[in-house]
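Have a look at upload.tsv below; it lists TSV, C-alpha atoms.
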chain	number	residue	atom	x	y	z
A	1	MET	CA	0.00	0.00	0.00
A	2	PRO	CA	1.66	3.28	-1.05
A	3	GLU	CA	1.96	6.05	1.56
A	4	HIS	CA	0.18	9.29	0.69
A	5	LEU	CA	1.75	12.26	2.50
A	6	PHE	CA	-0.42	15.09	1.20
A	7	PRO	CA	-4.18	15.63	0.87
A	8	GLY	CA	-5.54	14.87	-2.58
A	9	VAL	CA	-7.10	12.27	-4.87
A	10	TYR	CA	-4.87	9.34	-5.73
A	11	ILE	CA	-5.65	6.82	-8.49
A	12	GLU	CA	-4.09	3.38	-8.51
A	13	GLU	CA	-4.41	0.57	-11.04
A	14	VAL	CA	-5.26	-2.57	-9.08
A	15	SER	CA	-4.89	-6.01	-10.65
A	16	LEU	CA	-7.58	-8.48	-9.61
A	17	GLY	CA	-5.52	-11.45	-10.76
A	18	VAL	CA	-8.18	-12.36	-13.34
A	19	HIS	CA	-7.10	-13.95	-16.62
A	20	PRO	CA	-10.11	-13.83	-18.98
A	21	ILE	CA	-10.27	-16.45	-21.72
A	22	GLU	CA	-10.82	-15.18	-25.24
A	23	GLY	CA	-12.43	-17.39	-27.85
A	24	VAL	CA	-10.09	-18.53	-30.62
A	25	SER	CA	-10.84	-17.88	-34.27
A	26	THR	CA	-12.86	-20.51	-36.14
A	27	SER	CA	-12.85	-18.89	-39.57
A	28	THR	CA	-9.41	-19.53	-41.13
A	29	VAL	CA	-9.32	-22.25	-43.79
A	30	GLY	CA	-6.37	-24.23	-45.07
A	31	PHE	CA	-6.49	-25.43	-48.69
A	32	VAL	CA	-4.14	-28.10	-50.04
A	33	ALA	CA	-3.55	-27.63	-53.76
A	34	VAL	CA	-2.38	-30.62	-55.79
A	35	SER	CA	-0.99	-29.03	-58.95
A	36	TYR	CA	2.64	-28.01	-58.59
A	37	ARG	CA	5.11	-27.57	-55.75
A	38	GLY	CA	5.18	-23.98	-54.53
A	39	PRO	CA	5.42	-21.76	-51.47
A	40	LEU	CA	2.69	-21.49	-48.85
A	41	LEU	CA	0.30	-18.70	-49.85
A	42	GLY	CA	-1.41	-16.61	-47.23
A	43	PRO	CA	-3.00	-15.29	-45.31
A	44	LEU	CA	-5.27	-14.50	-48.27
A	45	THR	CA	-8.27	-12.29	-47.60
A	46	SER	CA	-9.76	-12.04	-51.10
A	47	PHE	CA	-9.99	-13.97	-54.34
A	48	ALA	CA	-8.18	-11.16	-56.14
A	49	GLU	CA	-5.26	-11.60	-53.77
A	50	PHE	CA	-5.18	-15.33	-54.56
A	51	LEU	CA	-5.13	-14.65	-58.32
A	52	GLN	CA	-2.30	-12.20	-57.88
A	53	LEU	CA	-0.11	-14.60	-55.90
A	54	ALA	CA	-1.00	-18.05	-57.24
A	55	GLY	CA	0.31	-17.71	-60.77
A	56	PRO	CA	-0.90	-19.56	-63.87
A	57	HIS	CA	-0.23	-23.13	-62.72
A	58	SER	CA	-2.99	-23.54	-60.12
A	59	SER	CA	-5.58	-26.21	-60.86
A	60	VAL	CA	-9.02	-25.18	-62.08
A	61	ASN	CA	-10.60	-26.90	-59.07
A	62	LEU	CA	-8.49	-24.88	-56.65
A	63	ALA	CA	-9.13	-21.49	-58.24
A	64	LEU	CA	-12.89	-22.04	-58.47
A	65	ALA	CA	-13.01	-23.49	-54.94
A	66	ILE	CA	-11.30	-20.43	-53.49
A	67	ARG	CA	-13.57	-18.12	-55.45
A	68	GLY	CA	-16.53	-20.07	-54.05
A	69	PHE	CA	-15.05	-19.83	-50.56
A	70	PHE	CA	-15.00	-16.04	-50.63
A	71	GLU	CA	-18.37	-15.84	-52.42
A	72	ASN	CA	-19.98	-17.82	-49.61
A	73	GLY	CA	-18.60	-15.80	-46.71
A	74	GLY	CA	-14.97	-16.86	-46.43
A	75	GLN	CA	-12.65	-14.36	-44.79
A	76	CYS	CA	-9.13	-15.76	-44.63
A	77	CYS	CA	-7.29	-18.78	-45.99
A	78	PHE	CA	-3.89	-20.32	-46.62
A	79	VAL	CA	-2.95	-22.45	-49.63
A	80	ALA	CA	-0.30	-25.18	-49.43
A	81	GLN	CA	0.91	-26.19	-52.91
A	82	VAL	CA	2.20	-29.69	-53.62
A	83	ALA	CA	2.94	-31.56	-56.84
A	84	PRO	CA	0.91	-34.63	-57.86
A	85	THR	CA	3.96	-36.77	-57.09
A	86	ASP	CA	4.30	-35.36	-53.55
A	87	PRO	CA	2.64	-37.04	-50.57
A	88	LEU	CA	-0.45	-35.17	-49.44
A	89	GLN	CA	1.10	-35.06	-45.98
A	90	ALA	CA	3.62	-32.54	-47.30
A	91	GLY	CA	0.82	-30.05	-47.86
A	92	LEU	CA	-0.66	-30.74	-44.44
A	93	ASP	CA	2.75	-30.24	-42.84
A	94	ALA	CA	3.06	-26.87	-44.57
A	95	LEU	CA	-0.18	-25.80	-42.87
A	96	SER	CA	0.78	-27.13	-39.44
A	97	ALA	CA	2.26	-23.87	-38.21
A	98	GLU	CA	-0.85	-21.86	-39.13
A	99	THR	CA	-3.86	-21.40	-36.89
A	100	ILE	CA	-6.53	-22.89	-39.13
A	101	SER	CA	-9.75	-24.55	-38.09
A	102	ILE	CA	-11.07	-25.92	-41.39
A	103	LEU	CA	-9.13	-28.01	-43.91
A	104	CYS	CA	-10.00	-29.02	-47.46
A	105	CYS	CA	-8.38	-30.22	-50.66
A	106	PRO	CA	-10.30	-29.47	-53.89
A	107	ASP	CA	-8.16	-32.11	-55.65
A	108	GLU	CA	-8.70	-34.73	-52.95
A	109	HIS	CA	-10.35	-37.15	-55.38
A	110	THR	CA	-7.10	-37.35	-57.40
A	111	VAL	CA	-5.01	-38.52	-54.43
A	112	PRO	CA	-5.30	-42.13	-53.16
A	113	ASN	CA	-6.37	-42.33	-49.48
A	114	ALA	CA	-6.58	-38.55	-49.23
A	115	ALA	CA	-9.61	-38.68	-46.92
A	116	THR	CA	-7.85	-41.03	-44.51
A	117	VAL	CA	-4.71	-38.87	-44.43
A	118	MET	CA	-6.66	-35.65	-43.88
A	119	ALA	CA	-8.86	-37.10	-41.14
A	120	ALA	CA	-5.84	-38.58	-39.35
A	121	HIS	CA	-4.12	-35.19	-39.48
A	122	CYS	CA	-7.15	-33.50	-37.90
A	123	GLU	CA	-7.57	-36.19	-35.25
A	124	GLN	CA	-3.93	-35.91	-34.25
A	125	ARG	CA	-4.00	-32.11	-33.96
A	126	LYS	CA	-7.53	-31.81	-32.53
A	127	ASP	CA	-7.76	-28.17	-33.58
A	128	ARG	CA	-9.37	-28.48	-37.03
A	129	MET	CA	-11.92	-30.38	-39.13
A	130	CYS	CA	-11.64	-31.48	-42.73
A	131	ILE	CA	-14.29	-31.08	-45.41
A	132	LEU	CA	-14.30	-34.09	-47.75
A	133	HIS	CA	-16.10	-34.55	-51.03
A	134	SER	CA	-17.29	-37.41	-53.17
A	135	PRO	CA	-15.56	-38.60	-56.33
A	136	GLN	CA	-17.15	-38.27	-59.74
A	137	PRO	CA	-19.16	-39.61	-61.51
A	138	ALA	CA	-22.37	-40.10	-59.54
A	139	ILE	CA	-22.46	-42.92	-57.01
A	140	PRO	CA	-25.69	-44.92	-56.48
A	141	SER	CA	-27.25	-43.95	-53.17
A	142	SER	CA	-27.66	-47.57	-52.12
A	143	THR	CA	-23.90	-48.22	-52.27
A	144	HIS	CA	-22.54	-44.78	-51.44
A	145	GLN	CA	-20.35	-44.89	-48.32
A	146	VAL	CA	-18.15	-42.35	-46.59
A	147	PRO	CA	-14.41	-42.99	-47.15
A	148	VAL	CA	-13.44	-42.64	-43.48
A	149	HIS	CA	-15.18	-42.65	-40.09
A	150	SER	CA	-14.13	-39.68	-38.00
A	151	SER	CA	-15.73	-36.93	-35.92
A	152	TYR	CA	-13.11	-34.61	-37.41
A	153	ALA	CA	-14.38	-35.12	-40.98
A	154	ALA	CA	-17.54	-34.15	-42.86
A	155	TYR	CA	-18.37	-35.50	-46.33
A	156	TYR	CA	-20.43	-33.71	-49.01
A	157	TYR	CA	-22.17	-34.82	-52.23
A	158	PRO	CA	-22.73	-34.07	-55.15
A	159	TRP	CA	-20.48	-31.67	-57.10
A	160	LEU	CA	-21.34	-28.11	-58.17
A	161	THR	CA	-21.60	-26.51	-61.58
A	162	VAL	CA	-20.19	-22.97	-61.58
A	163	THR	CA	-19.17	-20.34	-64.09
A	164	THR	CA	-15.49	-20.53	-65.05
A	165	LEU	CA	-13.09	-17.67	-64.57
A	166	ASP	CA	-13.63	-16.43	-68.12
A	167	GLY	CA	-17.29	-15.83	-67.27
A	168	VAL	CA	-18.45	-17.65	-70.41
A	169	SER	CA	-18.35	-21.42	-69.89
A	170	THR	CA	-19.12	-23.60	-66.89
A	171	ALA	CA	-17.24	-26.28	-64.94
A	172	THR	CA	-18.32	-28.98	-62.51
A	173	ILE	CA	-16.16	-28.93	-59.39
A	174	PRO	CA	-16.05	-30.45	-55.90
A	175	PRO	CA	-18.09	-28.55	-53.29
A	176	SER	CA	-15.46	-28.27	-50.53
A	177	GLY	CA	-14.46	-24.63	-51.09
A	178	HIS	CA	-18.05	-23.40	-51.23
A	179	VAL	CA	-18.96	-25.42	-48.13
A	180	ALA	CA	-15.95	-24.03	-46.26
A	181	GLY	CA	-17.30	-20.56	-46.99
A	182	VAL	CA	-20.69	-21.62	-45.62
A	183	TYR	CA	-19.00	-22.74	-42.39
A	184	VAL	CA	-17.39	-19.32	-41.98
A	185	ARG	CA	-20.60	-17.47	-42.88
A	186	THR	CA	-22.56	-19.48	-40.30
A	187	ASP	CA	-19.88	-18.85	-37.65
A	188	THR	CA	-19.97	-15.13	-38.36
A	189	GLN	CA	-23.73	-14.78	-38.40
A	190	SER	CA	-24.69	-17.20	-35.63
A	191	GLY	CA	-21.69	-18.88	-34.00
A	192	VAL	CA	-19.63	-22.03	-34.35
A	193	TRP	CA	-22.33	-23.94	-32.44
A	194	LYS	CA	-24.87	-23.38	-35.24
A	195	ALA	CA	-25.17	-26.24	-37.73
A	196	PRO	CA	-23.97	-25.13	-41.20
A	197	ALA	CA	-27.07	-26.57	-42.85
A	198	GLY	CA	-30.18	-25.20	-44.51
A	199	VAL	CA	-27.87	-22.50	-45.85
A	200	PRO	CA	-27.83	-21.29	-49.48
A	201	LEU	CA	-24.81	-22.03	-51.67
A	202	LEU	CA	-23.89	-18.88	-53.58
A	203	GLY	CA	-22.22	-18.71	-56.98
A	204	VAL	CA	-23.67	-22.06	-58.11
A	205	THR	CA	-25.61	-22.60	-61.35
A	206	ALA	CA	-26.48	-26.31	-60.97
A	207	LEU	CA	-25.71	-29.54	-59.12
A	208	SER	CA	-24.11	-32.49	-60.84
A	209	GLN	CA	-26.92	-34.74	-59.60
A	210	ALA	CA	-30.45	-34.00	-58.43
A	211	ILE	CA	-31.18	-35.73	-55.12
A	212	ASN	CA	-34.75	-36.37	-54.00
A	213	GLU	CA	-36.07	-36.70	-50.46
A	214	PRO	CA	-35.79	-40.52	-50.08
A	215	GLU	CA	-32.23	-40.46	-51.44
A	216	SER	CA	-31.38	-37.57	-49.15
A	217	GLU	CA	-32.62	-39.45	-46.08
A	218	LEU	CA	-30.70	-42.58	-47.03
A	219	LEU	CA	-27.46	-40.71	-47.68
A	220	ASN	CA	-27.83	-38.62	-44.54
A	221	SER	CA	-28.25	-41.76	-42.44
A	222	GLN	CA	-24.89	-42.92	-43.81
A	223	GLY	CA	-23.15	-39.71	-42.71
A	224	ILE	CA	-23.25	-38.10	-46.17
A	225	ASN	CA	-24.25	-34.44	-46.27
A	226	VAL	CA	-26.17	-33.78	-49.45
A	227	LEU	CA	-26.50	-30.59	-51.46
A	228	ARG	CA	-29.98	-30.08	-52.85
A	229	SER	CA	-32.00	-27.75	-55.04
A	230	PHE	CA	-35.32	-26.38	-53.76
A	231	PRO	CA	-37.82	-24.24	-55.69
A	232	ALA	CA	-37.63	-20.56	-54.71
A	233	GLN	CA	-34.79	-21.32	-52.30
A	234	GLY	CA	-31.94	-22.25	-54.60
A	235	PHE	CA	-29.17	-24.67	-53.75
A	236	LEU	CA	-28.87	-25.54	-50.06
A	237	VAL	CA	-26.47	-27.46	-47.84
A	238	TRP	CA	-28.82	-30.17	-46.57
A	239	GLY	CA	-26.96	-31.86	-43.74
A	240	ALA	CA	-24.38	-31.21	-41.04
A	241	ARG	CA	-23.10	-34.60	-39.96
A	242	THR	CA	-19.61	-35.83	-39.34
A	243	THR	CA	-18.66	-39.24	-40.66
A	244	SER	CA	-18.41	-40.67	-37.12
A	245	PRO	CA	-20.79	-43.48	-36.12
A	246	ASP	CA	-20.60	-42.30	-32.48
A	247	PRO	CA	-23.90	-40.50	-31.69
A	248	ASP	CA	-22.11	-38.07	-29.33
A	249	TRP	CA	-20.05	-36.80	-32.26
A	250	ARG	CA	-22.60	-37.09	-35.04
A	251	TYR	CA	-22.92	-33.38	-35.77
A	252	VAL	CA	-20.42	-30.97	-37.29
A	253	ASN	CA	-21.43	-28.11	-35.01
A	254	VAL	CA	-20.90	-30.20	-31.85
A	255	ARG	CA	-17.39	-31.24	-32.89
A	256	ARG	CA	-16.49	-27.70	-33.94
A	257	LEU	CA	-17.92	-26.23	-30.72
A	258	LEU	CA	-15.78	-28.61	-28.65
A	259	ILE	CA	-12.70	-27.74	-30.72
A	260	PHE	CA	-13.45	-24.06	-30.06
A	261	LEU	CA	-13.85	-24.64	-26.31
A	262	GLU	CA	-10.78	-26.87	-25.98
A	263	GLN	CA	-8.50	-24.55	-27.93
A	264	SER	CA	-9.80	-21.41	-26.20
A	265	ILE	CA	-9.35	-22.90	-22.73
A	266	ASN	CA	-5.94	-24.31	-23.59
A	267	LYS	CA	-4.71	-20.96	-24.88
A	268	GLY	CA	-6.38	-19.02	-22.08
A	269	LEU	CA	-4.77	-21.06	-19.28
A	270	GLN	CA	-1.16	-20.86	-20.42
A	271	TRP	CA	-0.48	-18.37	-17.63
A	272	ALA	CA	-1.06	-21.14	-15.05
A	273	VAL	CA	1.98	-23.18	-16.10
A	274	PHE	CA	4.39	-21.44	-13.73
A	275	GLU	CA	1.98	-20.84	-10.82
A	276	PRO	CA	2.18	-22.85	-7.56
A	277	ASN	CA	-0.13	-25.86	-7.96
A	278	GLY	CA	-2.38	-25.45	-4.93
A	279	PRO	CA	-5.90	-24.44	-3.82
A	280	ALA	CA	-5.43	-20.78	-4.74
A	281	LEU	CA	-4.53	-21.70	-8.34
A	282	TRP	CA	-7.37	-24.23	-8.53
A	283	ALA	CA	-9.91	-21.62	-7.46
A	284	THR	CA	-8.61	-19.09	-10.01
A	285	VAL	CA	-8.63	-21.66	-12.82
A	286	ARG	CA	-12.18	-22.72	-11.94
A	287	SER	CA	-13.38	-19.12	-11.90
A	288	THR	CA	-11.63	-18.30	-15.17
A	289	VAL	CA	-13.13	-21.26	-17.03
A	290	GLU	CA	-16.58	-20.80	-15.48
A	291	ASN	CA	-16.68	-17.16	-16.59
A	292	PHE	CA	-15.72	-18.12	-20.13
A	293	LEU	CA	-18.30	-20.90	-20.34
A	294	PHE	CA	-20.98	-18.68	-18.82
A	295	ASN	CA	-20.53	-16.27	-21.73
A	296	VAL	CA	-20.66	-19.19	-24.18
A	297	TRP	CA	-23.92	-20.34	-22.55
A	298	LYS	CA	-25.37	-16.81	-22.75
A	299	SER	CA	-24.59	-16.82	-26.48
A	300	GLY	CA	-26.92	-19.79	-26.96
A	301	ALA	CA	-24.31	-22.46	-27.60
A	302	LEU	CA	-25.33	-24.66	-24.66
A	303	GLN	CA	-28.53	-26.11	-23.28
A	304	GLY	CA	-30.19	-25.36	-19.98
A	305	GLN	CA	-32.27	-22.61	-18.39
A	306	THR	CA	-29.46	-21.94	-15.92
A	307	PRO	CA	-25.66	-22.22	-16.19
A	308	ALA	CA	-25.74	-25.19	-13.78
A	309	GLU	CA	-27.79	-27.13	-16.33
A	310	ALA	CA	-25.30	-26.38	-19.10
A	311	ILE	CA	-21.82	-26.49	-17.56
A	312	PHE	CA	-19.75	-27.73	-14.67
A	313	VAL	CA	-16.11	-27.14	-13.82
A	314	ARG	CA	-14.13	-29.11	-11.25
A	315	CYS	CA	-10.54	-28.51	-10.24
A	316	ASP	CA	-9.75	-29.70	-6.73
A	317	GLN	CA	-8.47	-32.71	-4.82
A	318	THR	CA	-11.15	-34.89	-6.42
A	319	THR	CA	-9.65	-34.38	-9.88
A	320	MET	CA	-6.00	-34.88	-8.90
A	321	THR	CA	-4.10	-37.60	-7.07
A	322	GLN	CA	-1.13	-37.02	-4.83
A	323	SER	CA	1.05	-38.28	-7.67
A	324	ASP	CA	-0.41	-35.56	-9.92
A	325	LEU	CA	0.39	-32.92	-7.32
A	326	ASP	CA	3.91	-34.25	-6.78
A	327	THR	CA	4.65	-34.04	-10.49
A	328	GLY	CA	3.02	-30.65	-10.99
A	329	ARG	CA	-0.06	-31.77	-12.91
A	330	LEU	CA	-3.19	-29.66	-12.56
A	331	ILE	CA	-6.22	-31.57	-13.86
A	332	LEU	CA	-9.42	-29.77	-14.73
A	333	LEU	CA	-12.73	-31.49	-15.56
A	334	VAL	CA	-15.15	-29.50	-17.68
A	335	GLY	CA	-18.64	-30.63	-18.63
A	336	VAL	CA	-20.72	-28.90	-21.28
A	337	ALA	CA	-24.15	-29.69	-22.74
A	338	PRO	CA	-24.24	-28.61	-26.40
A	339	VAL	CA	-27.62	-27.77	-27.85
A	340	ARG	CA	-27.42	-31.13	-29.58
A	341	PRO	CA	-26.99	-33.81	-28.30
A	342	ALA	CA	-28.41	-33.26	-24.82
A	343	GLU	CA	-25.91	-35.25	-22.80
A	344	PHE	CA	-22.93	-33.67	-21.12
A	345	LEU	CA	-19.66	-34.02	-22.98
A	346	ILE	CA	-16.66	-34.17	-20.67
A	347	LEU	CA	-13.28	-32.51	-21.26
A	348	ARG	CA	-10.30	-33.55	-19.16
A	349	ILE	CA	-7.70	-30.80	-19.33
A	350	THR	CA	-4.22	-31.30	-17.88
A	351	ILE	CA	-1.87	-28.40	-17.18
A	352	GLN	CA	1.73	-29.36	-16.48
A	353	THR	CA	2.84	-26.79	-13.95
A	354	LYS	CA	6.41	-26.30	-12.80
A	355	PRO	CA	6.89	-28.79	-9.91
A	356	VAL	CA	7.89	-27.31	-6.58
A	357	PRO	CA	11.48	-28.43	-5.84
A	358	GLU	CA	11.92	-30.69	-2.83
A	359	SER	CA	13.48	-29.02	0.20
A	360	SER	CA	16.92	-30.32	1.08

Please lay out the structure from this file as structure tokens.
Amino acid sequence: MPEHLFPGVYIEEVSLGVHPIEGVSTSTVGFVAVSYRGPLLGPLTSFAEFLQLAGPHSSVNLALAIRGFFENGGQCCFVAQVAPTDPLQAGLDALSAETISILCCPDEHTVPNAATVMAAHCEQRKDRMCILHSPQPAIPSSTHQVPVHSSYAAYYYPWLTVTTLDGVSTATIPPSGHVAGVYVRTDTQSGVWKAPAGVPLLGVTALSQAINEPESELLNSQGINVLRSFPAQGFLVWGARTTSPDPDWRYVNVRRLLIFLEQSINKGLQWAVFEPNGPALWATVRSTVENFLFNVWKSGALQGQTPAEAIFVRCDQTTMTQSDLDTGRLILLVGVAPVRPAEFLILRITIQTKPVPESS
């Protein structure tokens, strides 16, 4: 407490020791281009910027996908360029250092096992989802299957017909770039917890296949998100499922919400690493996470009439053993109830603090 020797008004800045958690971005997309080996492009914030930097060797699918991305609400993207003879993993590695949350490859259908490689990359990192697309030509609905089962992957069908860059002819391309733009538009307008479905696809003149209601229901039950045409509504994204068979992780918005929460909490608790691992730290961590989740609940991302029905946070002696304390591990249990499904999903978050040295 400073000593004030003379009458007057004194103003002091007082720190309350609060470390608010800020939500991470969910709107940056990483594209892998399979055309020729080149430098990582980005961050790109417009299609004109892409055309200026990409050069003449980019594939038609990539250029039209990125145009569709920005037409549908995209804001920022990176492009990793690999040659057809390169492993797809090389492109994914080039994107590893960037903070992206959505991944797609407009030339995925030209690369063997691309879906498996992309899903495995997302599952390992746990900070992004991949948008997959079907091959061409059309696949009978009765035999159409997703190429990989993962809560970090979403699969879309059929392809889109769009105007080419010359503005005269048309081309039929995979839908991943347009769908990525829909994800960003939905995040911006409603939030990452809103399903990116029932949303118009912009810049599209036709679909490669017309899908009726029975076919749509069959494909949707198999984890395939269909794109459909409706009178007076245009072309809509008609599904928001992951390719996972696990009902807890069936929906794209649930997986993306949990990625958002996990990454935000992880980033927002980095300050705790060098704090003494004891009751005072536990109480501060609990309060910090509860405040963040309360704001998420107020935004409409979680169920429940009260915060207690939507979230719980535990960080005390019930979440840590003596061995955890001895080795400096702080373990936090977080439960959230997304709007869908209704059950609580549990996050177990471990912070490795600096262990207190033993006294000699």

Using only C-alpha atoms, what residues lie at most 10 Å away from (-16.9, -25.4, -34.6) (file coordinates), given as a count of residues only?
28

Shell around region 212-222 of chain A at 8 Å using all atoms listed in the file, local window under 6 positions removed, as a ChimeraX atom specification
/A:141-142,144-146,228,239,241,243

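Residues in contact with Ala206 (chain A) at up to 12 Å, not including ones fewer than 2 positions away on its chain and judged by only C-alpha atoms, are Pro158, Trp159, Leu160, Thr161, Val162, Thr163, Thr170, Ala171, Thr172, Ile173, Pro175, Leu201, Leu202, Gly203, Val204, Ser208, Gln209, Ala210, Leu227, Arg228, Ser229, Phe230, Gly234, Phe235 and Leu236 of chain A.
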
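Candidate residues A:Ser46, A:Thr284, A:Gln303, A:Thr116 were compared for distance to Pro338 (chain A), and the nearest is A:Gln303, using all atoms listed in the file.
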
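One distance worth recording is that between CA of Arg185 (chain A) and CA of Pro20 (chain A), which is 26.4 Å.
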
Dump as a VMD selection string all residues having an atom at most 12 Å from (0.4, -33.8, -45.5), computed in the file's coordinates with only C-alpha atoms.
chain A and resid 30 to 34 80 to 83 86 to 96 103 to 105 108 111 113 to 122

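Note that CA of Thr350 (chain A) and CA of Val285 (chain A) are 11.7 Å apart.
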
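Interatomic distance, CA of His178 (chain A) against CA of Ile265 (chain A): 29.8 Å.
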
Pick out the closest residue to His149 (chain A) from this set: A:Val29, A:Met320, A:Ile224, A:Ile311. Count all atoms listed in the file.
A:Ile224

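You can rank A:Thr85, A:Lys298, A:Thr327, A:Cys315 by their closest distance to Ile349 (chain A) using only C-alpha atoms, and at the top of that list sits A:Cys315.
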